[in-house]
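Peer 1: Quick one: the structure is below, questions incoming.
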Amino acid sequence: MLGVFRQEIKMQRGSWLVWTLAVLCLAAVYVSVYPAFASDAKVVTETFAKLPQAVKNAMGTGGFQLLNFPGFFANVLPIFMLAGGIQAANLGISMTNRDRIAGTSDFLLSKPLGRSRIFWQKLFANLILLMATSAALIGGIYLGSRLINADSFSSSTYLMVMAAFTFVQCWFLAVGVAIAQIAGRIRNSIGVSIALCFGLFVLAMFSSVVGDETIRYLTPYKYIDLLKVVQEHTYDIPHLIVGVAVIIVGTALGWLLYAHRDVEAA
Amino acid sequence: MTAAITTHDLTKRYGKSRGIEKLNLEINEGEIFGFIGPNGAGKSTTIRTLLGLIKPTSGSASLFGEDIATNGPRLRQRIGYLPSEVFYYDNMKVSDLLRYSASFYDKPKKEIENRMYQLAKLLDLDLNKKIDDLSYGNKKKVGIVQGLQHSPDLIILDEPTGGLDPLMQQTFFDLLRSENKRGATILFSSHILSEVQKLCDRVAIIKDGKLVKVESMKTLRASSYAKIRLELAAPAAKSSFKLAGISNMAAAGKNVSFLYRGDVNAITKLIAKLPLTNVWIEEPELEEIFMHYYKTDNN
């Protein structure tokens with residue numbers, strides 16, 4: 001029954017492991033430098049306050065504000081979101097594109113299984129992998145905070161901040177799935193993923209520099225104002241709604257196109 | 001006799017380009033049915049439409065009396081398919097791929113696995129090798145096993161013998177005959193007439209997307225041509241080639257070529273009287289068969 005799901009997990013687990021270890025290593029680096037930042041919080045804040053306004057805006061924070069452990073990670077999470085986005089976009093694109101490039105579509109789609117079933121099993125498998133990366137990162141950073149004896153902080157604030165990583169991954173997974181069906185054969189899925197994620201990341205920085213709220217709606221990196229989450233414990237609902245809508249539309253479009261397209265001979 | 005495959009005005013167009021046009025076909029259960037045509041005639045398009053890999057522009061098709069549009073996945077439980085080009089997951093072992101293929105079918109896993117071992121032994125296929133390490137011919141054997149291991153009721157083969165050596169081709173044909181004896185219907189698509197001639201009860205000829213003729217093999221054998229080319233020691237007169245059944249003769253100095261349909265003993269006697277340095281007797285191109293299929297012979 002879940003043959004396609006299991007096969008998808010098997011095929012992606014090597015790549016998943018590499019990505020997850022990479023973000024965990026990055027997390028370990030930032031966790032390890034946090035004590036230095038925390039001990040000289042005042043100095044760090046004053047140093048960053050002296051940076052040109054454009055640079056501060058580009059960092060998306062208006063200035064590096066340490067606040068506390070979740071606040072520190074709110075400042076550095078965009079880098080993780082970039083990496084996580086690339087991982088998710090690549091999974092989304094290659095989920096169905098891989099079969100087209102490798103010529104294995106005939107093998108799979110001539111089996112007694114409906115295309116919808118194949119699509120949802122593959123999507124579910126990739127979603128599980130991304131959730132596993134998120135869980136590893138969230139758990140890993142939290143464990144790191146205990147190891148470095150970071151000051152106690154609100155778990156709910158921490159989770160609200162880190163949920164942005166998960167949300168961005170879901171967004172790029174859905175968009176990747178849609179791109180794979182719209183664009184046809186994509187020989188270099190990782191290249192497309194990097195271009196997509198970097199492009200939207202730069203757009204996010206641009207939106208911070210110019211202070212344009214409209215542009216915030218176009219890039220998933222700005223759907224959640226991380227410092228606002230730390231300071232006010234709240235999300236921007238309109239931006240979240242747009243993000244969720246993109247996830248739903250991207251997934252639905254990918255599914256419908258996959259279910260009805262002609263399978264070209266390899 | 002119930003029909004295994006029925007198509008009614010089945011049409012597939014790719015924009016303005018034609019795929020197949022108003023194809024009406026009926027293949028009975030238990031038949032070995034040949035589907036021949038030149039490259040680009042529409043054989044693969046027809047097969048891929050029957051399997052649900054491509055959607056028809058118009059018309060309909062049914063397998064075992066059920067519409068493929070509404071019952072595709074259920075019908076594919078009864079189908080074994082071997083495509084012309086085989087591609088599998090390179091990092092998998094052969095046995096793992098075959099077990100993965102078997103996992104989609106409702107039949108008892110043990111039964112399919114036993115059949116997998118039987119077929120692998122018959123075809124001399126190493127189940128422990130990785131797909132990536134296999135030659136093209138061995139990948140084709142994997143395709144044969146994955147298409148037959150679940151003992152399907154309908155076997156669809158799209159130019160299946162590419163990559164197989166002549167001995168293995170013979171083994172494959174014997175295998176198909178035993179599957180047919182078991183009760184399986186076989187749809188065998190090829191552009192090689194001799195393969196179809198060896199195996200099939202009836203044959204459909206398709207050209208430019210249209211069905212030209214459905215014929216029994218007996219009738220097709222009686223009307224098939226041989227392409228004969230001679231290299232002579234000295235030019236021969238045209239009168240040396242007066243024999244009913246010779247057509248399309250071309251002579252250039254010492255080289256003579258023609259098509260022949262008739263008693264092979266008669267043409268052999270005629271050729272033997274000529275001062276030969278070399279002789280070629282070949283199966284004609286399918287295009288040549290189509291061009292001369294219903295024309296009268298001339299000397």
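Residues are referred to by chain and number: the chain letter is A, B, ... according to the order shown in the structure tokens, the number counts from 1 in that chain, and ligands are numbered separately from 1 in the order shown.
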Compile the residues of chain B that lie within 8 Å of chain A, evaluated using only C-alpha atoms, and express the compilation as a PyMOL selection string.
Peer 2: chain B and resi 51-55+72-77+81+83+85-89+100-101+103-105
Peer 1: Give me, as JSON, numbers by chain, all polymer residues having an atom no more than 8 Å from A:Ala174, counting only C-alpha atoms and skipping those fewer than 5 positions away in the same chain.
Peer 2: {"A": [89, 92, 246, 247, 248, 250, 251, 254]}
Peer 1: One number please: atom CA of A:Ile9 to atom CA of A:Asn126, in Å, one decimal.
Peer 2: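 Those two atoms sit 7.3 Å apart.
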Peer 1: Find the spatial neighbours of B:Thr161, counting only C-alpha atoms, within a cut-off of 12 Å - ignore same-chain residues fewer than 2 positions away - and output them as a compact mmCIF listing (two decimals) with all heavy atoms, in the first residue's frame.
Peer 2:
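What follows is the written file around.txt:
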# COMPACT_ATOMS: atom_id res chain seq x y z
N LEU B 82 6.23 -4.35 -21.05
CA LEU B 82 7.67 -4.20 -21.31
C LEU B 82 7.85 -3.12 -22.35
O LEU B 82 7.48 -3.31 -23.51
CB LEU B 82 8.25 -5.54 -21.81
CG LEU B 82 9.72 -5.53 -22.22
CD1 LEU B 82 10.61 -5.10 -21.06
CD2 LEU B 82 10.16 -6.89 -22.73
N PRO B 83 8.38 -1.95 -21.97
CA PRO B 83 8.54 -0.85 -22.93
C PRO B 83 9.75 -1.09 -23.84
O PRO B 83 10.58 -1.95 -23.56
CB PRO B 83 8.77 0.37 -22.04
CG PRO B 83 9.32 -0.17 -20.77
CD PRO B 83 8.82 -1.58 -20.63
N SER B 84 9.84 -0.29 -24.88
CA SER B 84 10.95 -0.45 -25.81
C SER B 84 12.28 -0.03 -25.17
O SER B 84 13.31 -0.66 -25.38
CB SER B 84 10.70 0.36 -27.08
OG SER B 84 10.38 1.68 -26.76
N GLU B 85 12.23 1.04 -24.39
CA GLU B 85 13.44 1.47 -23.68
C GLU B 85 13.19 1.28 -22.18
O GLU B 85 12.19 1.76 -21.66
CB GLU B 85 13.73 2.96 -23.96
CG GLU B 85 14.05 3.25 -25.42
CD GLU B 85 15.33 2.60 -25.89
OE1 GLU B 85 16.29 2.53 -25.11
OE2 GLU B 85 15.36 2.15 -27.05
N VAL B 86 14.12 0.60 -21.54
CA VAL B 86 13.91 0.29 -20.12
C VAL B 86 14.83 1.16 -19.26
O VAL B 86 16.02 1.25 -19.50
CB VAL B 86 14.14 -1.20 -19.80
CG1 VAL B 86 13.02 -2.03 -20.34
CG2 VAL B 86 15.47 -1.69 -20.35
N TYR B 136 22.79 -3.15 -21.38
CA TYR B 136 21.46 -2.85 -21.90
C TYR B 136 20.63 -4.12 -22.04
O TYR B 136 19.45 -4.15 -21.69
CB TYR B 136 21.58 -2.13 -23.26
CG TYR B 136 20.24 -1.82 -23.88
CD1 TYR B 136 19.39 -0.87 -23.32
CD2 TYR B 136 19.81 -2.50 -25.02
CE1 TYR B 136 18.17 -0.60 -23.88
CE2 TYR B 136 18.58 -2.23 -25.59
CZ TYR B 136 17.77 -1.28 -25.01
OH TYR B 136 16.53 -1.02 -25.58
N GLY B 137 21.26 -5.19 -22.53
CA GLY B 137 20.54 -6.45 -22.71
C GLY B 137 20.04 -7.02 -21.39
O GLY B 137 18.93 -7.54 -21.30
N ASN B 138 20.88 -6.90 -20.36
CA ASN B 138 20.48 -7.42 -19.05
C ASN B 138 19.38 -6.57 -18.43
O ASN B 138 18.52 -7.07 -17.72
CB ASN B 138 21.69 -7.51 -18.12
CG ASN B 138 22.49 -8.78 -18.38
OD1 ASN B 138 21.92 -9.87 -18.49
ND2 ASN B 138 23.80 -8.66 -18.51
N LYS B 139 19.43 -5.26 -18.70
CA LYS B 139 18.33 -4.40 -18.23
C LYS B 139 17.03 -4.81 -18.91
O LYS B 139 15.96 -4.79 -18.30
CB LYS B 139 18.62 -2.93 -18.53
CG LYS B 139 19.60 -2.30 -17.57
CD LYS B 139 19.78 -0.81 -17.84
CE LYS B 139 20.92 -0.29 -17.01
NZ LYS B 139 21.32 1.07 -17.35
N LYS B 140 17.15 -5.20 -20.18
CA LYS B 140 15.96 -5.66 -20.89
C LYS B 140 15.41 -6.93 -20.23
O LYS B 140 14.20 -7.12 -20.12
CB LYS B 140 16.34 -5.94 -22.35
CG LYS B 140 15.30 -5.63 -23.42
CD LYS B 140 14.80 -4.23 -23.41
CE LYS B 140 13.57 -4.05 -24.27
NZ LYS B 140 13.82 -3.71 -25.65
N LYS B 141 16.31 -7.80 -19.77
CA LYS B 141 15.88 -9.02 -19.08
C LYS B 141 15.15 -8.66 -17.79
O LYS B 141 14.16 -9.30 -17.42
CB LYS B 141 17.08 -9.91 -18.75
CG LYS B 141 17.74 -10.55 -19.96
CD LYS B 141 18.92 -11.39 -19.50
CE LYS B 141 19.78 -11.80 -20.67
NZ LYS B 141 20.98 -12.55 -20.22
N GLY B 143 13.44 -6.05 -17.38
CA GLY B 143 12.13 -5.61 -17.87
C GLY B 143 11.21 -6.78 -18.14
O GLY B 143 10.02 -6.74 -17.83
N ILE B 144 11.76 -7.84 -18.72
CA ILE B 144 10.95 -9.02 -19.02
C ILE B 144 10.45 -9.66 -17.73
O ILE B 144 9.27 -9.98 -17.59
CB ILE B 144 11.76 -10.05 -19.85
CG1 ILE B 144 12.07 -9.48 -21.24
CG2 ILE B 144 11.01 -11.37 -19.97
CD1 ILE B 144 13.09 -10.28 -22.03
N LEU B 157 3.92 -5.79 -25.10
CA LEU B 157 5.35 -5.72 -25.39
C LEU B 157 5.59 -4.70 -26.50
O LEU B 157 5.04 -4.84 -27.59
CB LEU B 157 5.87 -7.09 -25.84
CG LEU B 157 5.50 -8.26 -24.94
CD1 LEU B 157 5.64 -9.58 -25.68
CD2 LEU B 157 6.39 -8.26 -23.72
N ASP B 158 6.38 -3.70 -26.20
CA ASP B 158 6.67 -2.66 -27.18
C ASP B 158 8.11 -2.84 -27.65
O ASP B 158 9.06 -2.49 -26.94
CB ASP B 158 6.47 -1.27 -26.55
CG ASP B 158 6.48 -0.17 -27.58
OD1 ASP B 158 6.76 -0.44 -28.76
OD2 ASP B 158 6.20 0.99 -27.19
N GLU B 159 8.28 -3.41 -28.83
CA GLU B 159 9.61 -3.68 -29.40
C GLU B 159 10.51 -4.33 -28.35
O GLU B 159 11.54 -3.78 -27.96
CB GLU B 159 10.24 -2.39 -29.94
CG GLU B 159 9.26 -1.52 -30.71
CD GLU B 159 9.72 -1.16 -32.10
OE1 GLU B 159 10.75 -1.66 -32.55
OE2 GLU B 159 9.01 -0.37 -32.75
N GLY B 163 18.35 -5.43 -27.86
CA GLY B 163 19.34 -5.68 -26.81
C GLY B 163 19.51 -7.14 -26.46
O GLY B 163 20.46 -7.50 -25.74
N LEU B 164 18.61 -8.00 -26.93
CA LEU B 164 18.74 -9.43 -26.63
C LEU B 164 19.49 -10.13 -27.75
O LEU B 164 19.21 -9.88 -28.92
CB LEU B 164 17.35 -10.07 -26.47
CG LEU B 164 16.46 -9.53 -25.36
CD1 LEU B 164 15.11 -10.24 -25.37
CD2 LEU B 164 17.12 -9.68 -24.00
N ASP B 165 20.42 -11.02 -27.39
CA ASP B 165 21.12 -11.77 -28.43
C ASP B 165 20.16 -12.83 -29.02
O ASP B 165 19.11 -13.12 -28.43
CB ASP B 165 22.39 -12.42 -27.86
CG ASP B 165 22.11 -13.43 -26.76
OD1 ASP B 165 21.37 -14.39 -27.03
OD2 ASP B 165 22.62 -13.26 -25.64
N PRO B 166 20.49 -13.38 -30.19
CA PRO B 166 19.55 -14.29 -30.88
C PRO B 166 19.11 -15.48 -30.02
O PRO B 166 17.95 -15.88 -30.06
CB PRO B 166 20.35 -14.75 -32.10
CG PRO B 166 21.29 -13.63 -32.37
CD PRO B 166 21.66 -13.07 -31.04
N LEU B 167 20.04 -16.03 -29.22
CA LEU B 167 19.66 -17.18 -28.37
C LEU B 167 18.64 -16.74 -27.32
O LEU B 167 17.67 -17.44 -27.04
CB LEU B 167 20.90 -17.74 -27.67
CG LEU B 167 21.78 -18.67 -28.52
CD1 LEU B 167 23.04 -19.05 -27.75
CD2 LEU B 167 21.02 -19.91 -28.94
N MET B 168 18.91 -15.59 -26.73
CA MET B 168 18.01 -15.07 -25.69
C MET B 168 16.66 -14.69 -26.29
O MET B 168 15.63 -14.84 -25.66
CB MET B 168 18.67 -13.89 -24.98
CG MET B 168 18.04 -13.53 -23.64
SD MET B 168 17.76 -14.90 -22.51
CE MET B 168 19.43 -15.46 -22.18
N GLN B 169 16.69 -14.20 -27.54
CA GLN B 169 15.43 -13.89 -28.22
C GLN B 169 14.58 -15.14 -28.35
O GLN B 169 13.37 -15.11 -28.12
CB GLN B 169 15.71 -13.31 -29.61
CG GLN B 169 16.14 -11.86 -29.60
CD GLN B 169 16.32 -11.31 -31.00
OE1 GLN B 169 15.76 -11.81 -31.98
NE2 GLN B 169 17.12 -10.27 -31.12
N GLN B 170 15.24 -16.25 -28.70
CA GLN B 170 14.52 -17.52 -28.86
C GLN B 170 13.92 -17.96 -27.52
O GLN B 170 12.77 -18.40 -27.45
CB GLN B 170 15.48 -18.59 -29.41
CG GLN B 170 14.78 -19.81 -29.97
CD GLN B 170 13.67 -19.45 -30.93
OE1 GLN B 170 13.86 -18.73 -31.90
NE2 GLN B 170 12.48 -19.96 -30.64
N THR B 171 14.73 -17.83 -26.47
CA THR B 171 14.25 -18.17 -25.11
C THR B 171 13.05 -17.31 -24.77
O THR B 171 12.06 -17.80 -24.20
CB THR B 171 15.37 -17.92 -24.08
OG1 THR B 171 16.54 -18.64 -24.48
CG2 THR B 171 14.95 -18.35 -22.69
N PHE B 172 13.14 -16.03 -25.11
CA PHE B 172 12.06 -15.09 -24.82
C PHE B 172 10.79 -15.48 -25.57
O PHE B 172 9.69 -15.49 -25.00
CB PHE B 172 12.51 -13.68 -25.19
CG PHE B 172 11.48 -12.62 -24.98
CD1 PHE B 172 10.85 -12.45 -23.76
CD2 PHE B 172 11.12 -11.77 -26.02
CE1 PHE B 172 9.89 -11.47 -23.58
CE2 PHE B 172 10.16 -10.79 -25.84
CZ PHE B 172 9.55 -10.64 -24.63
N PHE B 173 10.91 -15.85 -26.84
CA PHE B 173 9.73 -16.24 -27.61
C PHE B 173 9.12 -17.52 -27.03
O PHE B 173 7.89 -17.65 -26.96
CB PHE B 173 10.07 -16.45 -29.09
CG PHE B 173 10.38 -15.18 -29.82
CD1 PHE B 173 11.34 -15.13 -30.81
CD2 PHE B 173 9.71 -14.00 -29.52
CE1 PHE B 173 11.64 -13.95 -31.48
CE2 PHE B 173 9.99 -12.82 -30.18
CZ PHE B 173 10.96 -12.79 -31.16
N LEU B 176 7.16 -16.56 -24.07
CA LEU B 176 5.88 -15.94 -24.43
C LEU B 176 4.87 -17.01 -24.85
O LEU B 176 3.68 -16.93 -24.50
CB LEU B 176 6.06 -14.92 -25.56
CG LEU B 176 6.83 -13.65 -25.20
CD1 LEU B 176 6.97 -12.74 -26.42
CD2 LEU B 176 6.13 -12.87 -24.09
N PHE B 188 2.00 -7.71 -29.19
CA PHE B 188 3.43 -7.66 -29.51
C PHE B 188 3.64 -6.63 -30.60
O PHE B 188 3.22 -6.82 -31.73
CB PHE B 188 3.85 -9.06 -29.98
CG PHE B 188 5.32 -9.24 -30.19
CD1 PHE B 188 6.05 -10.04 -29.34
CD2 PHE B 188 5.98 -8.65 -31.25
CE1 PHE B 188 7.41 -10.23 -29.53
CE2 PHE B 188 7.33 -8.83 -31.45
CZ PHE B 188 8.05 -9.63 -30.59
N SER B 189 4.28 -5.54 -30.23
CA SER B 189 4.49 -4.46 -31.19
C SER B 189 5.92 -4.48 -31.70
O SER B 189 6.86 -4.63 -30.91
CB SER B 189 4.20 -3.12 -30.50
OG SER B 189 4.84 -2.07 -31.16
N SER B 190 6.11 -4.36 -32.99
CA SER B 190 7.47 -4.41 -33.53
C SER B 190 7.50 -3.78 -34.91
O SER B 190 6.48 -3.68 -35.59
CB SER B 190 7.93 -5.86 -33.62
OG SER B 190 9.23 -5.93 -34.16
N HIS B 191 8.70 -3.36 -35.32
CA HIS B 191 8.87 -2.96 -36.72
C HIS B 191 9.63 -4.06 -37.48
O HIS B 191 9.93 -3.91 -38.64
CB HIS B 191 9.60 -1.61 -36.84
CG HIS B 191 11.02 -1.65 -36.35
ND1 HIS B 191 11.36 -1.51 -35.03
CD2 HIS B 191 12.18 -1.85 -37.01
CE1 HIS B 191 12.67 -1.60 -34.90
NE2 HIS B 191 13.20 -1.80 -36.08
N ILE B 192 9.92 -5.17 -36.78
CA ILE B 192 10.64 -6.29 -37.41
C ILE B 192 9.63 -7.38 -37.74
O ILE B 192 9.10 -8.07 -36.86
CB ILE B 192 11.73 -6.84 -36.47
CG1 ILE B 192 12.71 -5.72 -36.10
CG2 ILE B 192 12.47 -7.99 -37.13
CD1 ILE B 192 13.68 -6.07 -35.00
N SER B 194 9.80 -10.30 -39.16
CA SER B 194 10.11 -11.71 -38.90
C SER B 194 9.76 -12.10 -37.46
O SER B 194 9.32 -13.22 -37.20
CB SER B 194 11.59 -12.00 -39.17
OG SER B 194 12.39 -11.15 -38.38
N GLU B 195 9.94 -11.18 -36.52
CA GLU B 195 9.59 -11.47 -35.11
C GLU B 195 8.09 -11.71 -34.98
O GLU B 195 7.65 -12.66 -34.33
CB GLU B 195 9.94 -10.28 -34.21
CG GLU B 195 11.41 -10.09 -34.01
CD GLU B 195 11.70 -8.99 -33.02
OE1 GLU B 195 10.80 -8.22 -32.66
OE2 GLU B 195 12.87 -8.92 -32.61
N VAL B 196 7.36 -10.84 -35.61
CA VAL B 196 5.90 -10.95 -35.56
C VAL B 196 5.45 -12.22 -36.26
O VAL B 196 4.55 -12.93 -35.80
CB VAL B 196 5.27 -9.69 -36.19
CG1 VAL B 196 3.78 -9.83 -36.33
CG2 VAL B 196 5.62 -8.46 -35.37
Peer 1: Using only C-alpha atoms, which protein or nucleic acid residues come within 12 Å of A:Ala150? Drop anything in the same chain fewer than 6 positions from it, and give the result as a ChimeraX atom specification.
Peer 2: /A:31-39,68-70,72,141-144
Peer 1: B:Gln146, B:Asn28, B:Asn248, B:Asn255: which is nearest B:Gly183, counting only C-alpha atoms?
Peer 2: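 The closest residue to B:Gly183 is B:Asn28.
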Peer 1: Just how far from atom CA of A:Asn75 is atom CA of A:Thr157, in Å to one decimal?
Peer 2: 13.8 Å
Peer 1: Quick one: pick out all alpha helix (DSSP H) residues within stretch 96-155 of chain A from a backbone DSSP run and write them as an MDAnalysis selection string.
Peer 2: chainID A and resid 96:102 105:109 115:147 155
Peer 1: Pick the closest to B:Leu154 from B:Leu127, B:Leu23, B:Leu187, B:Leu119: which is it, counting only C-alpha atoms?
Peer 2: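 Closest candidate: B:Leu187.
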Peer 1: Between A:Ala28, A:Leu218, A:Leu256, A:Met160, which has the minimum distance to A:Val242 (counting only C-alpha atoms)?
Peer 2: A:Leu218
Peer 1: Name all residues at most 9 Å from A:Ile138 (count only C-alpha atoms; drop same-chain ones fewer than 6 positions away) and give them as a list in words.
Peer 2: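 My reading of the contact set: Tyr158, Leu159, Met162 and Ala163 of chain A.
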Peer 1: Suppose we keep N, CA, C and O atoms; can you now write the selection as a compact mmCIF listing (two decimals), in the first residue's frame?
Peer 2:
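Okay, this is what ended up in again.txt:
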# COMPACT_ATOMS: atom_id res chain seq x y z
N TYR A 158 10.48 30.35 21.81
CA TYR A 158 11.49 29.64 21.04
C TYR A 158 10.85 28.86 19.89
O TYR A 158 11.29 28.93 18.75
N LEU A 159 9.78 28.13 20.21
CA LEU A 159 9.11 27.32 19.18
C LEU A 159 8.46 28.20 18.12
O LEU A 159 8.48 27.86 16.93
N MET A 162 11.30 29.24 15.84
CA MET A 162 11.82 28.14 15.01
C MET A 162 10.78 27.62 14.02
O MET A 162 11.15 27.03 12.99
N ALA A 163 9.50 27.84 14.32
CA ALA A 163 8.45 27.41 13.40
C ALA A 163 8.58 28.11 12.05
O ALA A 163 8.11 27.59 11.02
Peer 1: For each of A:Val23, A:Val161, A:Arg98, A:Ile148, take the minimum atom-to-atom distance to A:Leu227, counting only C-alpha atoms, then give the residue where this is smallest.
Peer 2: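 Closest to A:Leu227 of all the choices is A:Val161.
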Peer 1: Which residues are near B:Tyr14? Cut-off 10 Å, only C-alpha atoms, ignore same chain within fewer than 5 positions. Put them as a list of chain:residue names.
Peer 2: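 The residues that qualify are B:Gly19, B:Ile20, B:Pro56, B:Thr57.
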Peer 1: Write a file of the just-selected residues containing N, CA and C atoms, as a PDB file, in the first residue's frame.
Peer 2:
ATOM      1  N   GLY B  19      -0.933  11.507 -33.948  1.00  0.00           N
ATOM      2  CA  GLY B  19      -0.360  10.364 -33.244  1.00  0.00           C
ATOM      3  C   GLY B  19      -1.015   9.143 -33.859  1.00  0.00           C
ATOM      4  N   ILE B  20      -2.303   8.949 -33.461  1.00  0.00           N
ATOM      5  CA  ILE B  20      -3.104   7.889 -34.081  1.00  0.00           C
ATOM      6  C   ILE B  20      -4.476   8.477 -34.421  1.00  0.00           C
ATOM      7  N   PRO B  56      -6.115   9.952 -24.462  1.00  0.00           N
ATOM      8  CA  PRO B  56      -6.542  10.088 -25.861  1.00  0.00           C
ATOM      9  C   PRO B  56      -7.218  11.433 -26.106  1.00  0.00           C
ATOM     10  N   THR B  57      -7.093  11.910 -27.317  1.00  0.00           N
ATOM     11  CA  THR B  57      -7.783  13.142 -27.714  1.00  0.00           C
ATOM     12  C   THR B  57      -9.278  12.868 -27.863  1.00  0.00           C
TER      13      THR B  57
END
